[in-house]
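Peer 1: Sharing a structure, written as structure tokens. Questions coming.
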Amino acid sequence: MVTSDQRRRQLAREKYARQQQRREENRLKTKRRNTVVAAALAVVLAAGGAVYASVALTGDDSPKNSDDAASGAPTTPAPTESESANAEPKMAVDPKATYAMALKTNEGDITITMDAAKTPRTVNSFKHLADKKYFDGTKCHRLTTDGIFVLQCGDPKGDGTGGPGYNIPDENLDALGKAGADGKVTFPAGTVAMANTGQPGTGGSQYFLVYKDTKLPPTYTPFGKIDAAGLKVVEKVAAAGVTGGATDGAPKKAVTIEKATVAKK
């Protein structure tokens, strides 16, 4: 017998499937348009003796190289119109308190300390989702082991395309200092930050766990710190590598979040 909770989850999955289909159609249209623009620009530059042209892309079309902030875990697909229209949850956390997000995984427990005074809307969103068991049974779908060193989680679909149907704003972006000449700051090992599409205010439910100091642009909300035991869990997953021997993809040691809870400390 199908329970009401199972039915709600099924309806949510079907909704995501429809949204992803529309997203893919829009992505392909954008990709075709950008290809035409890039080709035209290359011709113009070549006529002037130049041989370089670039087109800025976001979402699923982000450059996939280990030196680019858009490669690896921090990238999420751009929200569709219907997703963006959904409302961010109302504030229900104490903005002066510290919270702990406990992740019970098949590889070990990970506890993330979150300061609501610095990232109130991010913490509020995570508590809202955890209370609804949104993360329970989800996989950490992406590991990067070259250039940036992160494990990305928080996607209910497990393939990097899912989200809660709303976005939250960026917060605490200056917490890690001023960007250097390369436009990047160091995200220390143990940092937990929001993934996004490369555009401001596009955080959803996906986040990444930094297991080794990583340089990225200061455009990802750093909202938590992993405890020592939890960092060892992530390091163990990273040491096992990526499926197929790549440096960016599904972790060879699969990680499933069996249960996620958020509570005031």
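Convention: chains lettered A, B, ... in structure tokens order; per-chain residue numbering from 1; ligands numbered from 1 as shown.
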Would you kindly return, as a list in words, each protein, DNA or RNA residue with an atom no farther than 8 Å from any atom of A:Thr247, considering only C-alpha atoms and excluding same-chain residues fewer than 3 positions away?
Peer 2: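 Near neighbours after the sequence-gap exclusion: Leu143, Thr144, Thr145, Asp146, Gly241 and Val242 of chain A.
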Peer 1: Would you write out, as JSON lines, a table of all residues in stretch 105-167 of chain A that have an atom no more than 9 Å from an atom of stretch 215-228 of chain A, listing for each the closest atom pair and the distance in Å to one decimal, considering only C-alpha atoms and ordering rows by chain and rising residue number?
Peer 2:
{"residue": "A:Ile110", "atom": "CA", "partner": "A:Ile226", "partner_atom": "CA", "distance": 6.9}
{"residue": "A:Thr111", "atom": "CA", "partner": "A:Asp227", "partner_atom": "CA", "distance": 5.6}
{"residue": "A:Ile112", "atom": "CA", "partner": "A:Ile226", "partner_atom": "CA", "distance": 4.6}
{"residue": "A:Thr113", "atom": "CA", "partner": "A:Lys225", "partner_atom": "CA", "distance": 5.3}
{"residue": "A:Met114", "atom": "CA", "partner": "A:Gly224", "partner_atom": "CA", "distance": 4.6}
{"residue": "A:Asp115", "atom": "CA", "partner": "A:Phe223", "partner_atom": "CA", "distance": 7.0}
{"residue": "A:Ala116", "atom": "CA", "partner": "A:Phe223", "partner_atom": "CA", "distance": 8.5}
{"residue": "A:Lys118", "atom": "CA", "partner": "A:Phe223", "partner_atom": "CA", "distance": 7.7}
{"residue": "A:Thr119", "atom": "CA", "partner": "A:Phe223", "partner_atom": "CA", "distance": 6.0}
{"residue": "A:Thr122", "atom": "CA", "partner": "A:Phe223", "partner_atom": "CA", "distance": 7.2}
{"residue": "A:Val123", "atom": "CA", "partner": "A:Phe223", "partner_atom": "CA", "distance": 7.6}
{"residue": "A:Gly147", "atom": "CA", "partner": "A:Lys215", "partner_atom": "CA", "distance": 8.2}
{"residue": "A:Ile148", "atom": "CA", "partner": "A:Lys215", "partner_atom": "CA", "distance": 6.9}
Peer 1: Report, in Å with one decimal, the straight-line distance from atom CA of A:Lys184 to atom CA of A:Pro164.
Peer 2: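 Going from atom CA of A:Lys184 over to atom CA of A:Pro164 covers 28.4 Å.
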Peer 1: I need the residue nearest A:Arg142 from this list: A:Lys253, A:Lys236, A:Arg121, A:Lys104. Use only C-alpha atoms for the distance.
Peer 2: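 Comparing A:Lys253, A:Lys236, A:Arg121, A:Lys104 against A:Arg142, the winner is A:Lys253.
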Peer 1: Between A:Val210, A:Leu129, A:Ala260, A:Met194, which is the closest to A:Ala92 once you count only C-alpha atoms?
Peer 2: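 Counting only C-alpha atoms, the residue closest to A:Ala92 is A:Leu129.
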Peer 1: Of the candidates A:Thr105, A:Asn167, A:Asn86, A:Gln206, which shows the shortest atom-to-atom distance to A:Gly154, using only C-alpha atoms?
Peer 2: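 Comparing A:Thr105, A:Asn167, A:Asn86, A:Gln206 against A:Gly154, the winner is A:Gln206.
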Peer 1: I need the residue nearest A:Ala229 from this list: A:Gly201, A:Gly190, A:Gly244, A:Gly163. Use only C-alpha atoms for the distance.
Peer 2: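 Ranking A:Gly201, A:Gly190, A:Gly244, A:Gly163 by distance to A:Ala229, first place goes to A:Gly190.
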Peer 1: In terms of the shortest atom-to-atom distance over only C-alpha atoms, which of A:Gly162, A:Gly203, A:Pro188, A:Pro89 is closest to A:Val150?
Peer 2: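 Among the listed residues, the smallest separation from A:Val150 belongs to A:Pro188.
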Peer 1: Neighbours of A:Cys140 within 6 Å (only C-alpha atoms; same-chain residues fewer than 6 positions away dropped), as a ChimeraX atom specification?
Peer 2: /A:152-153,255
Peer 1: Ranking A:Thr261, A:Asn196, A:Thr256, A:Thr98 by minimum distance to A:Thr161 and counting only C-alpha atoms, which one comes first?
Peer 2: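 Ranked by minimum distance to A:Thr161, first place goes to A:Asn196.
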Peer 1: To one decimal in Å, tell me the separation between atom CA of A:Asp131 and atom CA of A:Ala102.
Peer 2: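 Going from atom CA of A:Asp131 over to atom CA of A:Ala102 covers 11.9 Å.
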